[in-house]
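Structure file work_21.txt (compact mmCIF, C-alpha atoms and all ligand atoms) is printed below.
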# COMPACT_ATOMS: atom_id res chain seq x y z
CA MET A 1 106.94 127.67 95.23
CA HIS A 2 103.60 127.31 97.00
CA LEU A 3 101.31 124.43 96.09
CA ASN A 4 97.91 123.64 97.53
CA ILE A 5 97.39 119.91 97.04
CA ALA A 6 94.15 117.95 97.27
CA VAL A 7 94.73 114.67 99.06
CA LEU A 8 92.31 111.81 98.37
CA GLU A 9 93.44 108.85 100.43
CA GLY A 10 90.58 106.54 99.47
CA ASP A 11 90.30 103.03 100.91
CA GLY A 12 92.39 100.04 101.93
CA ILE A 13 96.09 100.87 101.80
CA GLY A 14 95.36 104.29 100.25
CA PRO A 15 95.74 106.28 103.50
CA GLU A 16 98.95 104.47 104.50
CA VAL A 17 100.78 104.97 101.21
CA VAL A 18 99.64 108.57 100.76
CA ALA A 19 100.87 109.36 104.29
CA GLN A 20 104.40 108.40 103.15
CA SER A 21 104.18 110.73 100.15
CA ILE A 22 103.11 113.61 102.37
CA LYS A 23 106.00 112.87 104.72
CA CYS A 24 108.34 113.07 101.72
CA LEU A 25 106.73 116.31 100.51
CA ARG A 26 107.38 117.81 103.97
CA SER A 27 110.99 116.83 103.52
CA VAL A 28 111.09 118.41 100.02
CA GLU A 29 109.52 121.54 101.50
CA GLU A 30 112.23 121.78 104.17
CA THR A 31 115.15 120.91 101.90
CA PHE A 32 114.23 123.18 99.00
CA GLY A 33 112.35 125.97 100.78
CA HIS A 34 108.88 125.42 99.29
CA SER A 35 105.50 125.64 100.94
CA PHE A 36 102.93 122.89 100.47
CA THR A 37 99.45 122.85 101.95
CA PHE A 38 97.19 119.83 101.92
CA GLU A 39 93.41 119.56 101.91
CA LYS A 40 91.81 116.15 102.32
CA GLY A 41 88.70 114.95 100.47
CA LEU A 42 86.56 111.83 100.62
CA ILE A 43 86.35 109.35 97.76
CA GLY A 44 85.45 105.71 97.23
CA ALA A 45 84.01 103.27 99.76
CA SER A 46 84.79 105.53 102.70
CA ALA A 47 82.87 108.34 100.96
CA ILE A 48 79.92 106.02 100.27
CA LYS A 49 79.82 105.01 103.92
CA LYS A 50 79.82 108.62 105.11
CA THR A 51 77.76 110.34 102.42
CA GLY A 52 76.21 107.65 100.18
CA ASN A 53 78.20 109.09 97.27
CA PRO A 54 81.59 107.77 96.02
CA LEU A 55 82.48 111.28 94.81
CA PRO A 56 80.87 113.96 96.98
CA ASP A 57 80.51 117.43 95.38
CA GLU A 58 82.96 118.90 97.91
CA THR A 59 85.66 116.50 96.74
CA LEU A 60 85.17 117.40 93.12
CA GLU A 61 85.20 121.09 93.96
CA LEU A 62 88.36 120.60 96.05
CA CYS A 63 90.19 118.91 93.15
CA LYS A 64 89.11 121.67 90.77
CA ARG A 65 90.30 124.55 92.93
CA THR A 66 93.62 123.10 94.14
CA ASP A 67 96.83 122.96 92.12
CA ALA A 68 96.93 119.17 91.83
CA THR A 69 95.53 116.02 93.38
CA LEU A 70 97.39 113.24 95.13
CA PHE A 71 95.27 110.11 95.06
CA GLY A 72 95.78 106.84 96.95
CA ALA A 73 93.47 104.00 95.89
CA LEU A 74 89.87 102.98 96.36
CA GLY A 75 87.62 99.95 96.52
CA LEU A 76 86.57 97.43 99.16
CA PRO A 77 85.50 93.79 98.79
CA GLU A 78 82.09 94.44 100.33
CA PHE A 79 81.21 96.46 97.22
CA ASP A 80 83.02 94.44 94.54
CA ASP A 81 80.66 92.17 92.60
CA ASN A 82 77.96 92.80 95.19
CA PRO A 83 74.62 92.67 93.36
CA LYS A 84 73.01 94.56 96.25
CA ALA A 85 75.40 97.49 96.01
CA LYS A 86 73.72 100.46 94.36
CA VAL A 87 76.91 102.39 93.83
CA TRP A 88 80.51 101.27 93.53
CA PRO A 89 83.61 103.02 94.87
CA GLU A 90 85.16 102.80 91.39
CA GLN A 91 82.40 105.01 89.99
CA GLY A 92 83.90 107.80 92.09
CA LEU A 93 87.30 107.50 90.44
CA LEU A 94 85.93 107.21 86.91
CA ARG A 95 83.74 110.27 87.40
CA LEU A 96 86.55 112.25 88.97
CA ARG A 97 88.85 111.55 86.02
CA LYS A 98 86.10 112.54 83.59
CA GLU A 99 85.09 115.71 85.42
CA LEU A 100 88.70 116.86 85.70
CA GLY A 101 89.28 116.14 82.00
CA LEU A 102 92.15 113.78 82.76
CA PHE A 103 92.45 112.14 79.38
CA ALA A 104 95.97 110.72 79.57
CA ASN A 105 97.29 108.37 82.20
CA ILE A 106 101.05 108.20 81.90
CA ARG A 107 102.52 105.03 83.40
CA PRO A 108 106.29 104.59 83.23
CA VAL A 109 107.60 101.04 83.55
CA LYS A 110 111.26 100.99 84.49
CA VAL A 111 113.35 98.19 85.88
CA PHE A 112 115.63 99.83 88.40
CA PRO A 113 119.20 98.48 88.22
CA SER A 114 119.23 97.51 91.90
CA LEU A 115 115.97 95.59 91.51
CA VAL A 116 116.82 93.59 88.38
CA LYS A 117 117.00 90.42 90.48
CA GLN A 118 113.47 91.02 91.76
CA SER A 119 112.00 90.65 88.29
CA PRO A 120 110.77 87.15 87.39
CA LEU A 121 112.39 87.72 83.99
CA SER A 122 116.08 87.19 83.36
CA LYS A 123 118.60 90.01 83.67
CA ALA A 124 119.14 89.92 79.90
CA GLN A 125 115.41 90.34 79.31
CA VAL A 126 114.80 93.22 81.70
CA GLN A 127 117.92 95.26 82.16
CA ASN A 128 117.16 97.75 79.38
CA THR A 129 113.45 98.06 80.09
CA ASP A 130 112.38 101.68 80.07
CA LEU A 131 108.97 102.16 78.57
CA VAL A 132 106.03 104.43 79.19
CA ILE A 133 102.39 103.58 78.65
CA PHE A 134 100.08 106.36 77.47
CA ARG A 135 96.69 105.03 78.50
CA GLU A 136 93.61 106.91 77.29
CA LEU A 137 91.72 107.67 80.50
CA ALA A 138 88.44 109.42 79.78
CA GLY A 139 86.75 107.22 77.19
CA GLY A 140 86.33 103.67 75.97
CA ILE A 141 84.48 100.75 77.47
CA TYR A 142 84.74 101.97 81.08
CA TYR A 143 82.54 104.93 80.11
CA GLY A 144 80.22 103.42 77.50
CA VAL A 145 76.51 102.72 77.75
CA LYS A 146 75.87 99.77 80.06
CA THR A 147 72.77 97.65 80.34
CA ILE A 148 71.77 94.80 82.55
CA ASP A 149 68.67 92.66 82.05
CA GLU A 150 68.30 90.68 85.26
CA GLU A 151 65.52 88.48 83.89
CA ALA A 152 67.32 87.49 80.71
CA ASN A 153 70.64 87.32 82.54
CA SER A 154 72.28 89.43 79.89
CA ALA A 155 74.40 92.56 80.10
CA THR A 156 76.09 95.03 77.75
CA ASP A 157 79.13 97.28 77.91
CA THR A 158 79.77 99.59 75.00
CA CYS A 159 83.13 100.85 73.81
CA THR A 160 83.01 104.22 72.10
CA TYR A 161 85.83 106.47 70.93
CA THR A 162 85.83 109.67 68.92
CA GLU A 163 88.59 111.03 66.71
CA ALA A 164 89.05 113.95 69.12
CA GLU A 165 89.57 111.63 72.09
CA ILE A 166 92.16 109.58 70.23
CA SER A 167 93.88 112.58 68.75
CA ARG A 168 94.64 114.49 71.98
CA ILE A 169 96.45 111.59 73.67
CA THR A 170 98.18 110.58 70.44
CA HIS A 171 99.86 113.98 70.19
CA LEU A 172 101.06 113.65 73.79
CA ALA A 173 102.46 110.19 73.13
CA PHE A 174 104.34 111.32 70.01
CA LYS A 175 105.74 114.39 71.78
CA SER A 176 106.95 112.14 74.56
CA ALA A 177 108.56 109.73 72.09
CA ARG A 178 110.49 112.64 70.57
CA SER A 179 112.27 113.15 73.88
CA ARG A 180 112.86 109.42 74.31
CA LYS A 181 113.73 106.60 71.90
CA LYS A 182 111.48 107.95 69.11
CA LYS A 183 109.23 104.93 68.89
CA VAL A 184 105.48 104.65 69.41
CA THR A 185 103.68 101.31 69.53
CA LEU A 186 99.91 101.49 69.19
CA VAL A 187 98.35 98.56 71.02
CA ASP A 188 94.83 97.63 69.94
CA LYS A 189 92.60 94.85 68.65
CA ALA A 190 92.08 96.19 65.14
CA ASN A 191 91.48 92.72 63.72
CA VAL A 192 88.18 92.64 65.66
CA LEU A 193 87.12 96.00 67.09
CA GLU A 194 85.81 99.00 65.13
CA THR A 195 87.11 101.35 67.81
CA SER A 196 90.59 99.90 67.29
CA ARG A 197 90.31 100.43 63.53
CA LEU A 198 89.46 104.07 64.22
CA TRP A 199 92.46 104.33 66.55
CA ARG A 200 94.72 103.00 63.75
CA ARG A 201 93.38 105.46 61.17
CA VAL A 202 93.68 108.47 63.46
CA VAL A 203 97.08 107.53 64.88
CA ARG A 204 98.57 106.76 61.46
CA SER A 205 97.37 110.06 60.13
CA ILE A 206 98.81 112.01 63.10
CA SER A 207 102.10 110.10 62.86
CA GLU A 208 102.74 111.84 59.52
CA SER A 209 103.32 115.04 61.47
CA TYR A 210 106.07 113.29 63.45
CA PRO A 211 108.33 111.86 60.71
CA ASP A 212 111.19 111.47 63.19
CA VAL A 213 109.13 109.01 65.27
CA GLU A 214 108.63 105.41 64.19
CA LEU A 215 105.11 104.03 64.57
CA ASN A 216 104.18 100.39 64.72
CA CYS A 217 100.93 98.67 65.62
CA LEU A 218 100.48 95.55 67.69
CA PHE A 219 97.43 93.57 68.69
CA ILE A 220 96.88 93.49 72.45
CA ASP A 221 97.24 89.72 72.70
CA ASN A 222 100.61 89.79 70.98
CA ALA A 223 101.63 92.88 72.96
CA ALA A 224 101.04 90.89 76.16
CA ILE A 225 103.45 88.24 74.87
CA GLN A 226 106.05 90.71 73.64
CA MET A 227 106.04 92.63 76.88
CA VAL A 228 107.10 89.54 78.77
CA LEU A 229 109.51 88.17 76.16
CA ASP A 230 111.34 91.39 75.43
CA PRO A 231 110.07 94.50 77.24
CA SER A 232 113.10 96.51 76.10
CA GLN A 233 111.72 96.62 72.53
CA PHE A 234 109.13 99.19 73.67
CA ASP A 235 109.53 102.92 74.12
CA VAL A 236 106.11 104.64 74.16
CA ILE A 237 103.03 102.41 74.20
CA LEU A 238 99.84 104.19 73.18
CA THR A 239 96.60 102.42 73.94
CA ASP A 240 93.00 102.71 75.03
CA ASN A 241 91.59 102.81 78.54
CA MET A 242 91.09 99.12 79.25
CA PHE A 243 94.10 97.73 77.38
CA GLY A 244 96.34 100.30 79.11
CA ASP A 245 94.91 99.41 82.50
CA ILE A 246 95.67 95.73 82.06
CA LEU A 247 98.99 96.00 80.21
CA SER A 248 100.45 98.31 82.85
CA ASP A 249 99.66 95.84 85.64
CA GLN A 250 101.53 93.25 83.62
CA GLY A 251 104.38 95.73 83.26
CA SER A 252 104.56 96.03 87.02
CA VAL A 253 105.48 92.37 87.34
CA ILE A 254 108.42 92.96 85.03
CA ALA A 255 109.52 95.87 87.23
CA GLY A 256 109.39 93.67 90.34
CA SER A 257 106.13 94.69 92.04
CA ILE A 258 102.96 96.64 91.40
CA GLY A 259 103.86 98.49 94.57
CA LEU A 260 106.56 100.32 92.59
CA LEU A 261 104.75 101.84 89.64
CA PRO A 262 103.53 105.45 89.65
CA SER A 263 101.37 107.37 87.26
CA ALA A 264 100.32 110.86 86.26
CA SER A 265 96.80 111.51 85.01
CA VAL A 266 96.77 114.74 83.06
CA GLY A 267 94.40 116.96 81.15
CA LEU A 268 94.42 120.53 79.91
CA GLU A 269 93.43 122.07 83.24
CA HIS A 270 94.03 119.55 86.00
CA ALA A 271 96.42 116.81 87.01
CA MET A 272 96.22 113.93 89.44
CA PHE A 273 98.99 111.65 90.61
CA GLU A 274 98.15 108.07 91.52
CA PRO A 275 99.92 104.74 91.96
CA ILE A 276 98.78 102.17 89.41
CA HIS A 277 97.79 99.68 92.09
CA GLY A 278 94.44 99.34 93.82
CA SER A 279 93.43 99.44 97.47
CA TYR A 280 94.94 95.98 98.30
CA PRO A 281 92.32 95.51 101.05
CA ASP A 282 94.04 92.47 102.62
CA ALA A 283 96.97 94.67 103.57
CA ALA A 284 94.98 97.59 104.94
CA GLY A 285 96.24 98.74 108.33
CA LYS A 286 98.99 96.10 108.41
CA ASN A 287 101.87 98.42 107.58
CA ILE A 288 103.08 96.09 104.80
CA ALA A 289 102.10 97.92 101.60
CA ASN A 290 104.89 99.26 99.45
CA PRO A 291 104.71 103.09 99.50
CA VAL A 292 107.09 103.58 96.55
CA ALA A 293 104.39 103.74 93.84
CA SER A 294 102.73 106.57 95.74
CA ILE A 295 106.03 108.33 96.46
CA LEU A 296 107.09 108.15 92.80
CA SER A 297 103.65 109.44 91.77
CA MET A 298 104.37 112.38 94.05
CA ALA A 299 107.76 112.77 92.28
CA MET A 300 105.80 113.00 89.01
CA LEU A 301 103.72 115.75 90.60
CA LEU A 302 106.93 117.67 91.32
CA GLN A 303 108.05 117.17 87.71
CA HIS A 304 104.70 118.45 86.55
CA PHE A 305 105.44 121.73 88.30
CA LYS A 306 108.95 121.78 86.80
CA MET A 307 110.53 121.00 90.17
CA ASN A 308 112.95 118.67 88.47
CA GLU A 309 115.73 118.89 91.05
CA GLU A 310 113.21 118.15 93.76
CA SER A 311 111.79 115.22 91.83
CA ASP A 312 115.29 113.88 91.21
CA ALA A 313 116.04 114.16 94.93
CA VAL A 314 112.98 112.04 95.73
CA VAL A 315 113.97 109.44 93.13
CA ALA A 316 117.53 109.39 94.51
CA ALA A 317 116.18 108.71 98.01
CA VAL A 318 113.98 105.90 96.68
CA LEU A 319 116.99 104.38 94.91
CA LYS A 320 119.00 104.60 98.12
CA SER A 321 116.26 102.64 99.88
CA PHE A 322 116.57 99.95 97.18
CA SER A 323 120.36 99.76 97.41
CA LYS A 324 120.24 99.56 101.24
CA LYS A 325 117.43 96.96 100.97
CA ILE A 326 115.10 99.16 103.01
CA VAL A 327 112.14 97.76 101.14
CA THR A 328 108.80 96.12 101.88
CA ALA A 329 108.20 92.37 101.64
CA ASP A 330 106.77 92.47 98.09
CA ILE A 331 110.29 93.38 96.94
CA LEU A 332 112.29 91.18 99.29
CA GLY A 333 110.30 88.37 100.89
CA SER A 334 112.55 88.31 103.94
CA SER A 335 112.24 92.06 104.53
CA LYS A 336 111.09 93.10 107.98
CA TYR A 337 110.56 96.73 107.02
CA GLY A 338 107.06 98.15 106.97
CA THR A 339 105.35 100.94 105.02
CA ASN A 340 106.14 103.56 107.65
CA TYR A 341 109.77 102.63 108.06
CA VAL A 342 110.39 102.69 104.31
CA GLY A 343 108.55 106.03 104.08
CA ASP A 344 110.63 107.47 106.94
CA PHE A 345 113.86 106.29 105.33
CA ILE A 346 113.00 107.85 101.98
CA ALA A 347 111.82 111.11 103.57
CA ASP A 348 114.98 111.31 105.72
CA ASN A 349 117.19 110.81 102.68
CA ILE A 350 115.73 113.52 100.49
CA MET A 351 118.53 116.00 100.08
CA GLU A 352 120.00 118.37 97.52
CA LEU A 353 122.00 116.35 95.03
CA ASP A 354 125.69 117.00 94.63
CA GLY A 355 125.87 116.17 90.92
CA SER A 356 127.10 112.60 91.36
CA PHE A 357 123.57 111.27 90.84
CA ASN A 358 122.94 110.74 87.15
CA ILE A 359 119.23 111.15 86.74
CA ASN A 360 119.44 110.26 83.06
CA ASP A 361 120.43 106.74 84.00
CA GLU A 362 118.31 106.43 87.05
CA ASN A 363 115.18 108.44 86.33
CA ILE A 364 111.73 107.01 86.85
CA GLY A 365 111.42 106.40 83.16
CA LEU A 366 109.62 109.57 82.27
CA GLY A 367 111.13 112.05 79.83
CA LYS A 368 110.81 115.52 81.23
CA SER A 369 108.71 116.75 78.34
CA THR A 370 105.99 114.12 78.60
CA ILE A 371 103.76 115.96 81.01
CA ILE A 372 101.67 118.83 79.76
N1 LIG A 401 93.28 103.15 91.23
C1 LIG A 401 92.49 102.47 92.05
O1 LIG A 401 91.97 103.00 93.02
C2 LIG A 401 92.26 101.03 91.80
C3 LIG A 401 91.37 100.38 92.57
N2 LIG A 401 91.20 99.04 92.45
C4 LIG A 401 90.32 98.42 93.44
O2 LIG A 401 91.14 97.90 94.49
C5 LIG A 401 90.52 96.76 95.07
C6 LIG A 401 91.48 95.58 95.07
O3 LIG A 401 91.73 95.22 93.72
P1 LIG A 401 92.81 94.17 93.25
O4 LIG A 401 92.36 93.66 91.96
O5 LIG A 401 93.09 93.19 94.35
O6 LIG A 401 94.11 95.05 92.93
P2 LIG A 401 95.23 95.65 93.89
O7 LIG A 401 96.14 96.43 93.01
O8 LIG A 401 94.64 96.37 95.02
O9 LIG A 401 96.02 94.40 94.46
C7 LIG A 401 96.47 93.33 93.64
C8 LIG A 401 97.72 92.70 94.26
O10 LIG A 401 98.82 93.59 94.02
C9 LIG A 401 99.68 93.62 95.12
N3 LIG A 401 99.77 95.03 95.59
C10 LIG A 401 98.96 96.06 95.26
N4 LIG A 401 99.41 97.20 95.80
C11 LIG A 401 100.51 96.89 96.49
C12 LIG A 401 101.43 97.65 97.28
N5 LIG A 401 101.33 98.97 97.43
N6 LIG A 401 102.44 96.97 97.88
C13 LIG A 401 102.60 95.66 97.70
N7 LIG A 401 101.80 94.90 96.96
C14 LIG A 401 100.76 95.51 96.36
C15 LIG A 401 99.12 92.66 96.15
O11 LIG A 401 99.75 91.44 95.98
C16 LIG A 401 97.67 92.54 95.78
O12 LIG A 401 97.16 91.31 96.13
C17 LIG A 401 89.23 96.53 94.25
O13 LIG A 401 88.17 97.11 94.92
C18 LIG A 401 89.52 97.24 92.94
O14 LIG A 401 88.36 97.64 92.26
C19 LIG A 401 91.94 98.29 91.57
C20 LIG A 401 92.85 98.92 90.76
C21 LIG A 401 93.06 100.33 90.78
C1 LIG A 402 88.48 101.88 88.53
C2 LIG A 402 89.55 101.19 87.73
C3 LIG A 402 89.45 101.51 86.29
C4 LIG A 402 90.86 101.56 88.31
C5 LIG A 402 92.03 100.89 87.70
O1 LIG A 402 92.17 99.68 87.65
C6 LIG A 402 93.10 101.71 87.21
O2 LIG A 402 92.90 102.88 86.91
O3 LIG A 402 94.21 101.19 87.07
MG MG A 403 94.19 99.06 87.09
Target format structure tokens, applied to this file:
Amino acid sequence: MHLNIAVLEGDGIGPEVVAQSIKCLRSVEETFGHSFTFEKGLIGASAIKKTGNPLPDETLELCKRTDATLFGALGLPEFDDNPKAKVWPEQGLLRLRKELGLFANIRPVKVFPSLVKQSPLSKAQVQNTDLVIFRELAGGIYYGVKTIDEEANSATDTCTYTEAEISRITHLAFKSARSRKKKVTLVDKANVLETSRLWRRVVRSISESYPDVELNCLFIDNAAIQMVLDPSQFDVILTDNMFGDILSDQGSVIAGSIGLLPSASVGLEHAMFEPIHGSYPDAAGKNIANPVASILSMAMLLQHFKMNEESDAVVAAVLKSFSKKIVTADILGSSKYGTNYVGDFIADNIMELDGSFNINDENIGLGKSTII
């Protein structure tokens, strides 16, 4: 298969972790006889510095005409909370997601057997954790009307959702649950927020079309507790943009490190694959960032194109790196291995599987039918 992939490295550790994914894709290309081409685009702080725009037109056009986008991370401290900044790197990512129609961000949270000890939770609490968060990605408070009144020192952010926005991701979440443990948990704040009440009405109504899937609803504050106490109780978590953003970072602690968790951002026409972490500016250029979240996001890209054997081969190589303790310091404090070394090891160990690797036990937590 030939794929033309847009590569948006972004800022901070973005370029370093994406470089490892490309290395691994070269290995997949060689092992399985595919052909991948890569076209780079600017986004984020580096795009602002070069063009004044966090999402230049060429980048948007690139992502629209290529088969898929591999994204690193963006953001730099000089822009964060800076009242003098006129534009923020994050505006580039939010606009990109909107323009590409990426309405669902699928974030699997899996505790890999060889990393159970890395979780701050006990083995009993985490060993059966295998959940996936369906985070609405194109609406909600991140996109609502904002105001700032400098004189009065007051500001507004507005959270808006429509039935159509809730409905499209809800169907995806229920379809995913059907191929998993048949359970959807809607996480919201319906005791306070009108948008959450709308979510409940729409989701409950849609759930009637999926009688084989159990639906329950949980307030976000309780969900945060439950996720730490007993993450294995969850299968598919369906939630809005901001709650999903925050809850998935919490999930990453359970898995052992935010440097492990991948995601797929999908819509009807386009798809983008991005680690859940940010640009970790303190680590930029130090060769210490964990590349696994980016590499597993790339594995989700392969799944998206039905290259399941190829995706499994990447996951198998990642698992081998865990079992041989070829990991970065966020996983094992005493580790002396850097981003590049771990990336090289994983790329070198991508090979056709001989059948002894049971992907059903060791997958990255994503049922094969979850991606549209
Ligand atoms: N998708 C994106 O591009 C995102 C961008 N951001 C931006 O990133 C910048 C930094 O934000 P933070 O809140 O510090 O979040 P962050 O995710 O960049 O880093 C938080 C902490 O997570 C750990 N971490 C993150 N990635 C890691 C990796 N690959 N390997 C090992 N450890 C890792 C580090 O301990 C780090 O201090 C900000 O400008 C923020 O707006 C934040 C989240 C997502
Ligand atoms: C710009 C932010 C919404 C990025 C982020 O934190 C995320 O998508 O996880
Ligand atoms: Mg986030």
Counting only C-alpha atoms, give me one row per residue of region 258-323 of chain A with an atom at most 8 Å from an atom of region 25-34 of chain A, showing the shortest contact pair and its distance in Å to one decimal, sorted by chain then residue number, as CSV.
residue,atom,partner,partner_atom,distance
A:Met298,CA,A:Leu25,CA,7.9
A:Glu310,CA,A:Val28,CA,6.6
A:Val314,CA,A:Val28,CA,7.9
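CA of Glu99 (chain A) lies 15.3 Å from CA of Asp67 (chain A).
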Counting all atoms listed in the file, which residues in chain A sit no more than 8 Å from ligand MG 403 (chain A)? For each one, give the nearest pair of atoms and the distance in Å, sorted by chain then residue number, as CSV.
residue,atom,partner,partner_atom,distance
A:Asp245,CA,A:MG403,MG,4.7
A:Ile246,CA,A:MG403,MG,6.2
A:Ser248,CA,A:MG403,MG,7.6
A:Asp249,CA,A:MG403,MG,6.5
A:Ile276,CA,A:MG403,MG,6.0
A:His277,CA,A:MG403,MG,6.2
A:Gly278,CA,A:MG403,MG,6.7
Quick one: write out the picked residues with C-alpha atoms as a PDB file, keeping the file's coordinate frame?
ATOM      1  CA  ASP A 245      94.910  99.410  82.500  1.00  0.00           C
ATOM      2  CA  ILE A 246      95.670  95.730  82.060  1.00  0.00           C
ATOM      3  CA  SER A 248     100.450  98.310  82.850  1.00  0.00           C
ATOM      4  CA  ASP A 249      99.660  95.840  85.640  1.00  0.00           C
ATOM      5  CA  ILE A 276      98.780 102.170  89.410  1.00  0.00           C
ATOM      6  CA  HIS A 277      97.790  99.680  92.090  1.00  0.00           C
ATOM      7  CA  GLY A 278      94.440  99.340  93.820  1.00  0.00           C
TER       8      GLY A 278
END
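Taking only C-alpha atoms and all ligand atoms into account, the residues that come within 9 Å of ligand LIG 402 (chain A) are Ala73, Leu74, Gly75, Pro89, Glu90, Gln91, Gly92, Leu93, Leu94, Asn105, Leu137, Tyr142, Asn241, Met242, Gly244, Asp245, Ile246, Ser248, Asp249, Glu274, Pro275, Ile276, His277 and Gly278 of chain A.
Distance-wise, CA of Leu218 (chain A) and CA of Thr185 (chain A) end up 6.8 Å apart.
If you measure from each of A:Ser205, A:Asn53, A:Asn290, A:Asn4 to Arg65 (chain A) using all atoms listed in the file, the closest one turns out to be A:Asn4.
Among A:Val203, A:Val17, A:Ala316, A:Leu42, the residue with the shortest atom-to-atom distance to ligand LIG 401 (chain A), counting only C-alpha atoms and all ligand atoms, is A:Val17.
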* Got a sec: who's within 10 Å of Ser196 (chain A), counting all atoms listed in the file, leaving out chain neighbours fewer than 5 positions off, as a PyMOL selection string? -> chain A and resi 159-161+186-191+201-202+219+239-240
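Every protein or nucleic acid residue with an atom no more than 9 Å from Met227 (chain A), counting only C-alpha atoms and leaving out same-chain residues fewer than 5 positions away, appears here: Asn222, Ser232, Gln233, Phe234, Leu247, Gln250, Gly251 and Ile254 of chain A.
The closest residue to ligand LIG 401 (chain A), picked from A:His304, A:Lys181, A:Lys286, A:His171 and counting all atoms listed in the file, is A:Lys286.
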* Asked: Residues at most 9 Å from ligand LIG 401 (chain A), using all atoms listed in the file? Could they come as an MDAnalysis selection string?
  -> chainID A and resid 10:14 17 44:45 71:80 88:90 93 245 249 257:261 274:283 288:294 328:331 339
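Residue nearest Gly101 (chain A), chosen from A:Ser265, A:Asn153, A:Thr170, A:Thr147 and counting only C-alpha atoms: A:Ser265.
Between CA of Asn340 (chain A) and CA of Glu9 (chain A) the interatomic distance comes to 15.5 Å.
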Some atoms are missing, so please complete region 56-67 of chain A with N, CA and C atoms and return it as a PDB file, keeping the file's coordinate frame.
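What landed in selection.pdb:
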ATOM      1  N   PRO A  56      81.681 112.831  96.528  1.00  0.00           N
ATOM      2  CA  PRO A  56      80.870 113.960  96.980  1.00  0.00           C
ATOM      3  C   PRO A  56      81.251 115.256  96.237  1.00  0.00           C
ATOM      4  N   ASP A  57      80.282 116.156  96.093  1.00  0.00           N
ATOM      5  CA  ASP A  57      80.510 117.430  95.380  1.00  0.00           C
ATOM      6  C   ASP A  57      81.715 118.190  95.938  1.00  0.00           C
ATOM      7  N   GLU A  58      81.846 118.141  97.288  1.00  0.00           N
ATOM      8  CA  GLU A  58      82.960 118.900  97.910  1.00  0.00           C
ATOM      9  C   GLU A  58      84.313 118.383  97.424  1.00  0.00           C
ATOM     10  N   THR A  59      84.379 117.065  97.197  1.00  0.00           N
ATOM     11  CA  THR A  59      85.660 116.500  96.740  1.00  0.00           C
ATOM     12  C   THR A  59      85.982 116.971  95.327  1.00  0.00           C
ATOM     13  N   LEU A  60      84.970 116.955  94.492  1.00  0.00           N
ATOM     14  CA  LEU A  60      85.170 117.400  93.120  1.00  0.00           C
ATOM     15  C   LEU A  60      85.581 118.878  93.090  1.00  0.00           C
ATOM     16  N   GLU A  61      84.907 119.657  93.898  1.00  0.00           N
ATOM     17  CA  GLU A  61      85.200 121.090  93.960  1.00  0.00           C
ATOM     18  C   GLU A  61      86.622 121.313  94.478  1.00  0.00           C
ATOM     19  N   LEU A  62      86.998 120.514  95.482  1.00  0.00           N
ATOM     20  CA  LEU A  62      88.360 120.600  96.050  1.00  0.00           C
ATOM     21  C   LEU A  62      89.410 120.332  94.964  1.00  0.00           C
ATOM     22  N   CYS A  63      89.198 119.265  94.182  1.00  0.00           N
ATOM     23  CA  CYS A  63      90.190 118.910  93.150  1.00  0.00           C
ATOM     24  C   CYS A  63      90.250 119.972  92.052  1.00  0.00           C
ATOM     25  N   LYS A  64      89.120 120.643  91.823  1.00  0.00           N
ATOM     26  CA  LYS A  64      89.110 121.670  90.770  1.00  0.00           C
ATOM     27  C   LYS A  64      89.803 122.955  91.219  1.00  0.00           C
ATOM     28  N   ARG A  65      89.729 123.260  92.524  1.00  0.00           N
ATOM     29  CA  ARG A  65      90.300 124.550  92.930  1.00  0.00           C
ATOM     30  C   ARG A  65      91.744 124.451  93.437  1.00  0.00           C
ATOM     31  N   THR A  66      92.236 123.237  93.670  1.00  0.00           N
ATOM     32  CA  THR A  66      93.620 123.100  94.140  1.00  0.00           C
ATOM     33  C   THR A  66      94.561 122.970  92.935  1.00  0.00           C
ATOM     34  N   ASP A  67      95.864 122.983  93.219  1.00  0.00           N
ATOM     35  CA  ASP A  67      96.830 122.960  92.120  1.00  0.00           C
ATOM     36  C   ASP A  67      96.976 121.572  91.506  1.00  0.00           C
TER      37      ASP A  67
END
